[in-house]
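Novice: One structure follows; several queries about it will come next.
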Amino acid sequence: MNLNRIKRILVVGAGTMGHSIAMVFAQNGFETDLVDLKEEILERALNLIKSNLETLSKVKIIRSKEIPKILNRIHPSTSLSIARRADLVLEAISEKPKAKKELFSSLDQICSPQTILASNTSYLNIFKIVKTQRPERVLITHWYAPPHLIPLVDVVKGPKTSPETVELVRKLLIKIGKKPLVMKKFIPGYIVNRLQRAMAREIFYLLDHQYALPEEIDHAVKWSLGIRIPIVGVVQRYDFTGLDLALTFEENPSIRLVSKNRKPQTLIHLVQKGYLGVKTGRGFYDYSSRGMKEVIRERDLKMLGLLNFLKTSSLLNSSNIK
Ligand SMILES: NC(=O)c1ccc[n+]([C@@H]2O[C@H](COP(=O)([O-])OP(=O)(O)OC[C@H]3O[C@@H](n4cnc5c(N)ncnc54)[C@H](O)[C@@H]3O)[C@@H](O)[C@H]2O)c1
């Protein structure tokens, strides 16, 4: 299928990920249907998209007069029947195997045989879970939150996904300004979520044993890894450290990494108290004096500033230090 034939997008699930994925396509000129189970979820999604677009216009990524045009390209619906007009479907519903299986089976019946079906699953091997008549057009496109800001999208093929489907989706993602990474094969959590998971064990260990406060851990990371990672990533850094030293460090018995079965006590305690993060006004930090919208906007503006710097100075170009 030619890239130009992808004209109409459908995003299923208008939650944390779906609303923002739909926004990215609409921003890039695609007519985009957005389906969820309830009207009020769709209404909330459109409000969030409008607020996100206003943030983008604040930093002049879009002009404010474009906002209504972008919003007009998004067509909310509670009926999956509109899937029949989609060239590409991106599924961002809850991470439940049964729900994904049922959705893909419905999509397979409703959509044209040419339509590509993509899942945003974080951990599920959908290639084993979903059954369709078009396995060559089924793949994973795993976006990162918030999708309208974070450039990486993991593209994962199943055993039967055709190389043409992978290439088409990869090109499309580049066209809409993303930085796709085609994985060699499926693994739960892909690259970044696995690294984050490994780090989480140490973060919660340090917190639970009062080695440092949350803001101290964040201070340490922002002013070290935060600077190094955009330039040398996490693998090339070893070439600068020296691989001999890296090996000695890896084999050093004095740093015993935390067992994966350890329970993160501070995290459990906060969840039990209902401190769930920005959405409840309190998590590891206290946001209660400001609204959720304001806190998110401040984060987004800072991220946009950094992204703008990284893009204009082409620091994100991997060939930088070669
Ligand atoms: N939240 C993240 O940071 C993140 C990051 C990457 C990937 N993901 C993955 O993306 C997917 C969505 O995650 P989320 O955080 O946006 O979830 P969410 O709970 O915020 O949103 C899911 C939405 O899907 C809707 N939904 C459920 N079943 C549906 C159906 N059959 N038809 C239509 N709508 C349906 C729900 O009403 C809800 O609005 C999951 O697979 C998740 O693992 C999430």
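We label chains A, B, ... in the order they appear in the structure tokens, count residues from 1 in each chain, and number ligands from 1 in the order shown.
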Using only C-alpha atoms and all ligand atoms, find each protein or nucleic acid residue lying at most 10 Å from ligand 1; present the set as a ChimeraX atom specification.
Specialist: /A:11-21,34-42,44-45,77-80,90-104,106,119-124,141-147,153-154,189,193
Novice: Near Val295 of chain A, within 12 Å and counting only C-alpha atoms, which residues show up once chain neighbours fewer than 3 positions away are dropped, as a PyMOL selection string?
Specialist: chain A and resi 277-282+285-292+298-302
Novice: Take the residues from that selection and write them out as a tab-separated table (two decimals), in the first residue's frame, keeping C-alpha atoms.
Specialist:
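Final file, again31.tsv:
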chain	number	residue	atom	x	y	z
A	277	GLY	CA	0.22	11.61	41.59
A	278	VAL	CA	-0.72	14.70	39.57
A	279	LYS	CA	-4.27	13.43	38.95
A	280	THR	CA	-5.07	13.46	42.71
A	281	GLY	CA	-2.98	16.55	43.54
A	282	ARG	CA	-0.40	14.52	45.44
A	285	TYR	CA	5.36	15.57	45.41
A	286	ASP	CA	2.53	17.89	46.51
A	287	TYR	CA	0.61	19.64	43.68
A	288	SER	CA	-2.42	20.58	45.76
A	289	SER	CA	-1.93	24.34	45.43
A	290	ARG	CA	-2.26	24.18	41.62
A	291	GLY	CA	-4.69	22.55	39.20
A	292	MET	CA	-3.78	19.45	37.21
A	298	GLU	CA	4.25	23.61	32.94
A	299	ARG	CA	5.78	20.16	32.32
A	300	ASP	CA	4.83	20.30	28.63
A	301	LEU	CA	6.29	23.79	28.12
A	302	LYS	CA	9.58	22.68	29.68
Novice: Between A:Thr161, A:Leu152, A:Pro113, A:Ile61, which has the minimum distance to Ile174 of chain A (counting only C-alpha atoms)?
Specialist: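 Closest candidate: A:Leu152.
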Novice: State, in Å with one decimal place, the distance from atom CA of Phe186 of chain A to atom CA of Asn125 of chain A.
Specialist: 7.1 Å
Novice: Can you work out the spacing between atom CA of Glu294 of chain A and atom CA of Asn72 of chain A in Å, to one decimal?
Specialist: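 That distance, rounded to one decimal, is 25.0 Å.
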Novice: Need to verify the contact set: Leu195 of chain A, 12 Å, only C-alpha atoms, exclusion of same-chain residues closer than 6 positions in sequence. Can you return it as a PyMOL selection string?
Specialist: chain A and resi 188-189+201-202+234-235
Novice: Using only C-alpha atoms, please write the residues we just selected to a file, as a PDB file, in the first residue's frame.
Specialist:
ATOM      1  CA  PRO A 188       7.207  -7.180  26.719  1.00  0.00           C
ATOM      2  CA  GLY A 189       8.083  -3.559  27.576  1.00  0.00           C
ATOM      3  CA  ARG A 201      13.503  -1.332  41.578  1.00  0.00           C
ATOM      4  CA  GLU A 202      16.526   0.721  42.660  1.00  0.00           C
ATOM      5  CA  VAL A 234      22.985   4.289  27.522  1.00  0.00           C
ATOM      6  CA  VAL A 235      25.199   2.012  25.404  1.00  0.00           C
TER       7      VAL A 235
END
Novice: Report, in Å to a single decimal, how far apart atom CA of Pro135 of chain A and atom CA of Ser162 of chain A are.
Specialist: 8.3 Å
Novice: What lies within 9 Å of Leu88 of chain A using only C-alpha atoms, ignoring chain neighbours under 2 positions off, as number ranges by chain?
Specialist: A: 6-11, 86, 90, 114-118
Novice: If you keep N, CA and C atoms, can you produce a file of those selected residues as an mmCIF file, in the first residue's frame?
Specialist:
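Writing done, so here's result.cif:
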data_model
loop_
_atom_site.group_PDB
_atom_site.id
_atom_site.type_symbol
_atom_site.label_atom_id
_atom_site.label_comp_id
_atom_site.auth_asym_id
_atom_site.auth_seq_id
_atom_site.Cartn_x
_atom_site.Cartn_y
_atom_site.Cartn_z
ATOM 1 N N ILE A 6 -2.962 6.240 2.732
ATOM 2 C CA ILE A 6 -3.386 6.348 4.141
ATOM 3 C C ILE A 6 -3.938 7.759 4.337
ATOM 4 N N LYS A 7 -5.242 7.849 4.317
ATOM 5 C CA LYS A 7 -5.875 9.172 4.410
ATOM 6 C C LYS A 7 -6.685 9.301 5.690
ATOM 7 N N ARG A 8 -7.314 8.220 6.068
ATOM 8 C CA ARG A 8 -8.236 8.313 7.207
ATOM 9 C C ARG A 8 -7.732 7.420 8.346
ATOM 10 N N ILE A 9 -7.653 8.019 9.524
ATOM 11 C CA ILE A 9 -7.127 7.308 10.691
ATOM 12 C C ILE A 9 -8.268 7.063 11.669
ATOM 13 N N LEU A 10 -8.196 5.932 12.360
ATOM 14 C CA LEU A 10 -9.120 5.705 13.487
ATOM 15 C C LEU A 10 -8.290 5.386 14.720
ATOM 16 N N VAL A 11 -8.549 6.111 15.799
ATOM 17 C CA VAL A 11 -7.933 5.778 17.084
ATOM 18 C C VAL A 11 -9.039 5.246 17.982
ATOM 19 N N ALA A 86 -11.666 3.577 7.765
ATOM 20 C CA ALA A 86 -10.277 3.822 8.198
ATOM 21 C C ALA A 86 -9.268 3.093 7.309
ATOM 22 N N LEU A 90 -5.446 2.639 15.055
ATOM 23 C CA LEU A 90 -4.523 2.523 16.191
ATOM 24 C C LEU A 90 -5.358 2.255 17.421
ATOM 25 N N GLN A 114 -7.736 -4.064 3.355
ATOM 26 C CA GLN A 114 -6.450 -3.351 3.214
ATOM 27 C C GLN A 114 -6.042 -2.604 4.480
ATOM 28 N N THR A 115 -7.000 -2.407 5.380
ATOM 29 C CA THR A 115 -6.735 -1.563 6.556
ATOM 30 C C THR A 115 -5.690 -2.194 7.474
ATOM 31 N N ILE A 116 -4.779 -1.358 7.933
ATOM 32 C CA ILE A 116 -3.735 -1.822 8.860
ATOM 33 C C ILE A 116 -4.228 -1.639 10.289
ATOM 34 N N LEU A 117 -3.989 -2.645 11.133
ATOM 35 C CA LEU A 117 -4.429 -2.580 12.535
ATOM 36 C C LEU A 117 -3.197 -2.550 13.440
ATOM 37 N N ALA A 118 -3.091 -1.489 14.251
ATOM 38 C CA ALA A 118 -1.920 -1.341 15.127
ATOM 39 C C ALA A 118 -2.360 -1.268 16.579
#
Novice: Name the residues of segment 83-146 of chain A that fall into strand (DSSP E) according to DSSP on the backbone, using the chain letters and numbers of this document, as a list in words.
Specialist: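 Matching residues for strand (DSSP E) in segment 83-146 of chain A are Leu88, Val89, Leu90, Glu91, Ile116, Leu117, Ala118, Ser119, Val138, Leu139, Ile140, Thr141, His142 and Trp143 of chain A.
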Novice: Considering only C-alpha atoms, can you say which of A:Val155, A:Cys111, A:Leu243, A:Ala83 comes closest to Lys171 of chain A?
Specialist: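 Closest residue, counting only C-alpha atoms: A:Val155.
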Novice: Identify, with DSSP run on backbone atoms, the residues in segment 29-182 of chain A assigned to alpha helix (DSSP H), and express the list as an MDAnalysis selection string.
Specialist: chainID A and resid 39:58 66:72 97:110 126:129 163:175
Novice: Which residue gives the smallest distance to Glu66 of chain A among A:Leu206, A:Leu247, A:Val232, A:Leu53, with only C-alpha atoms counted?
Specialist: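 That would be A:Leu53, the residue with the smallest distance to Glu66 of chain A.
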